[in-house]
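Novice: First the structure, which I've put down as structure tokens, then a few questions once you've had a look.
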2 protein chains.
Amino acid sequence: MAPRAKQEQLPPPTTPVSMADLARELGVSMTTISRALSDHHSIGPATKQKVQKLAKKLNYQPNHLAAALRKGKSKLLGVIVPYIEGRFFPSVVHGIESAASKAGFSVIICQSNEDAAHERKNIETLLSAQVAGILVSVARTTNDFRHFEKVRKRGIPLVFFDRTMDNDAVNSVVLNDWKGGYQSTKHLIDQGCRRIAHFAGLQHLNIYRNRRQGYLDALHDAGLPQDEELIVYSDMTMEEGADAMRRLLALPNPPDAVFSAGDSSVLGALQEVKRQGLRVPQDIALAGFSNEAFTSITEPMLTSVDQRCEEMGQATVRLFLELIDSAGGAYTQRQVVLQPELFVRESSLHGANSK
Amino acid sequence: MAPRAKQEQLPPPTTPVSMADLARELGVSMTTISRALSDHHSIGPATKQKVQKLAKKLNYQPNHLAAALRKGKSKLLGVIVPYIEGRFFPSVVHGIESAASKAGFSVIICQSNEDAAHERKNIETLLSAQVAGILVSVARTTNDFRHFEKVRKRGIPLVFFDRTMDNDAVNSVVLNDWKGGYQSTKHLIDQGCRRIAHFAGLQHLNIYRNRRQGYLDALHDAGLPQDEELIVYSDMTMEEGADAMRRLLALPNPPDAVFSAGDSSVLGALQEVKRQGLRVPQDIALAGFSNEAFTSITEPMLTSVDQRCEEMGQATVRLFLELIDSAGGAYTQRQVVLQPELFVRESSLHGANSK
DNA sequence: TTGTAGGCGTTATCAT
DNA sequence: ATGATAACGCCTACAA
């Protein structure tokens with residue numbers, strides 16, 4: 001752990017080369033340099049060549065800061081996520097970075113740590129950095145949205161992804177969580193399940209409200225009763241999933257399936273079911289949400305809803321780009337809705353060996 | 001997928017408030033404003049109050065770009081990773097962002113996509129963004145390191161993490177991969193294994209070279225023969241792990257254990273072993289590397305070496321901060337080495353039910 | 001304790 | 001086709 005230091009001395013840093021240096025060297029004006037480098041039409045091909053060659057030779061690096069200051073618009077894109085862990089947010093960020101860099105934008109990443117105050121600070125930081133836009137997935141504890149207002153007042157494009165505001169007067173890219181919940185529940189019903197429990201997340205967040213509603217609607221459409229006793233609200237960790245499963249199995253009339261709004265909790269449930277010597281899916285079928293990597297390595301493998309993480313990142317950037325392209329961009333509000341995909345796996349397939 | 005647009009018109013953006021605005025409003029000079037806001041000692045408490053109150057009221061946001069341009073030093077920190085997926089890199093980035101933001105730095109993140117050319121572009125981008133430093137984990141295909149030289153020539157602190165250059169004339173934070181390999185192999189030997197195979201990564205990268213060497217040294221120290229037939233080189237995907245396992249099990253004299261330099265491949269191996277009806281660890285013991293989340297949910301759970309991802313991120317930032325603090329910072333080369341931790345789980349524990 | 005003025009590197013306007 | 005010049009917002013000698 002203790003750093004080991006070397007004593008060799010390196011040569012002193014070379015000062016960066018600026019346009020003024022190139023201009024002096026070639027005996028032309030800075031205007032010419034600037035235009036030659038940005039491939040302006042009013043510069044002779046000969047001059048253009050000369051300038052660009054010298055730039056390479058002297059290792060000229062444009063100073064984006066200066067350009068941004070002058071133009072009033074940077075090529076920085078701010079991203080705020082609750083945290084960078086698990087499968088979802090890293091994948092979305094992956095998608096965002098790829099799409100953004102393709103469009104010439106650099107991505108500044110901030111974590112709100114699921115904390116509203118931190119999120120407010122992130123906004124300030126990004127505004128100070130003069131970002132060209134902000135992409136955000138709101139913290140779980142955020143219920144005052146005034147800091148986002150400030151962004152819009154400044155005319156800076158703001159796009160929400162996945163976790164958004166109640167209000168739909170915003171730009172957002174979300175999954176059709178309702179449909180995910182509906183499909184998954186319907187699938188369980190189609191497999192013959194009649195008493196389906198639900199692990200629900202905090203109803204504060206749009207995503208968990210919608211997944212629950214999809215579940216309820218699927219039950220309703222199938223003429224099945226909606227039983228609040230079968231809905232367990234929690235943060236949906238593995239432990240909470242196991243606990244919830246234990247409680248449900250202890251009921252006089254236990255469920256024959258669980259649709260969980262998260263994968264961790266359904267994993268906990270799976271382990272609990274196995275601990276009790278019951279079989280999945282024969283005794284109880286399971287379906288989760290997020291299509292985490294581990295869903296295809298458990299035994300049995302877990303049915304889950306894929307959230308299209310990477311597409312979400314790309315779609316979010318695309319929407320941002322549309323906003324800055326269209327003149328009045330910041331004044332419109334668009335909602336992009338991605339379609340979930342249900343991955344049916346062993347944990348919910350009664351198949352031939354029926355029930 | 002089709003964006004739905006709202007037509008409500010929002011008020012036009014307000015122009016950002018600058019120091020000049022505050023100065024005009026209060027009838028004082030910009031110097032006073034600047035100093036009051038940065039809490040300079042030579043400003044009267046009364047004035048300071050007034051200025052700061054007005055700043056809040058008018059919603060003044062400092063322009064970091066302008067400050068950076070003026071001072072020649074930004075509060076931006078560049079990070080280059082091969083990709084943002086799996087467990088390792090997101091966790092490291094998580095650690096980096098937390099530590100950096102605590103020190104007042106914003107993180108610009110770039111992906112090299114394991115491609116050297118892309119990595120070079122990333123460097124250019126970051127230099128143009130005038131970052132205060134660059135933290136990098138090199139792409140798998142990088143074998144020409146001249147683009148990093150350019151960074152150092154500019155006097156910009158450069159810190160490698162995890163994947164570094166051969167040469168140790170750099171600043172770096174790495175795991176003691178040798179020790180991870182050694183401990184893991186020794187553990188298998190202690191469990192009674194005598195013919196231990198190794199899934200090795202590309203020897204191009206320091207980390208895989210070192211893990212392999214640890215493996216070899218542990219065998220040597222235990223007086224066991226080193227058999228190249230038992231070492232399989234690959235990219236260590238799940239499929240490659242399964243393939244390798246199949247080949248090893250088909251040997252006239254198959255191994256009784258595998259130490260893999262990665263978790264995915266050992267997972268593939270586990271599945272293959274089970275497919276063949278053999279038992280883990282009784283017939284063959286398994287140990288991996290990275291302590292991926294799934295290692296504790298497989299059956300049996302997988303022994304693995306933890307890489308201290310988050311600490312690595314924090315240590316990398318800490319080293320960067322030391323470099324900019326010490327005047328001649330960019331001229332020294334320090335190596336920080338983190339100690340791995342072996343998580344022993346069922347896949348390698350012969351325990352009571354011996355062999 | 002406060003004010004004046006110049007400049008960081010770039011781009012845009014206006015002239016040549 | 002090219003040049004001179006001002007300005008973006010901030011910081012910091014240097015003056016007062």
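By convention in this document, the chains of the structure tokens carry letters A, B, ... by their order, each chain's residues are numbered from 1, and ligands are numbered from 1 in the order they are shown.
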Give me, as a ChimeraX atom specification, the residues of region 143-183 of chain A that a backbone DSSP run labels strand (DSSP E or B).

Specialist: /A:158-161,171-175

Novice: I want to know what sits within 12 Å of region 294-296 of chain B, based on only C-alpha atoms (C1' of nucleotides), with residues of the same chain fewer than 6 positions away left out; could you give that as number ranges by chain?

Specialist: A: 86, 264, 267, 271, 292-298; B: 86-87, 262-268, 270, 286-288, 302-306, 343-347

Novice: Just to confirm, what's the straight-line distance from CA of Ala100 (chain B) to CA of Ser98 (chain A) in Å (one decimal)?

Specialist: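 Rounded to one decimal, the two atoms are 22.5 Å apart.
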
Novice: Which polymer residues have any atom within 6 Å of an atom of region 7-16 of chain D, counting only C-alpha atoms (C1' of nucleotides), with same-chain residues fewer than 5 positions away left out, as a list in words?

Specialist: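 Selected residues are Leu69 and Arg70 of chain A; Ala66 and Ala67 of chain B.
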
Novice: Env of region 72-83 of chain A: 9 Å cut, atoms = only C-alpha atoms (C1' of nucleotides), seq-sep filter 2 positions within chain, self excluded. Answer as a ChimeraX atom specification.

Specialist: /A:64-65,67-70,85-86,89-90,93,96,100,104-115,119,122-123,126-127,129-140 /B:94,108,129 /D:8
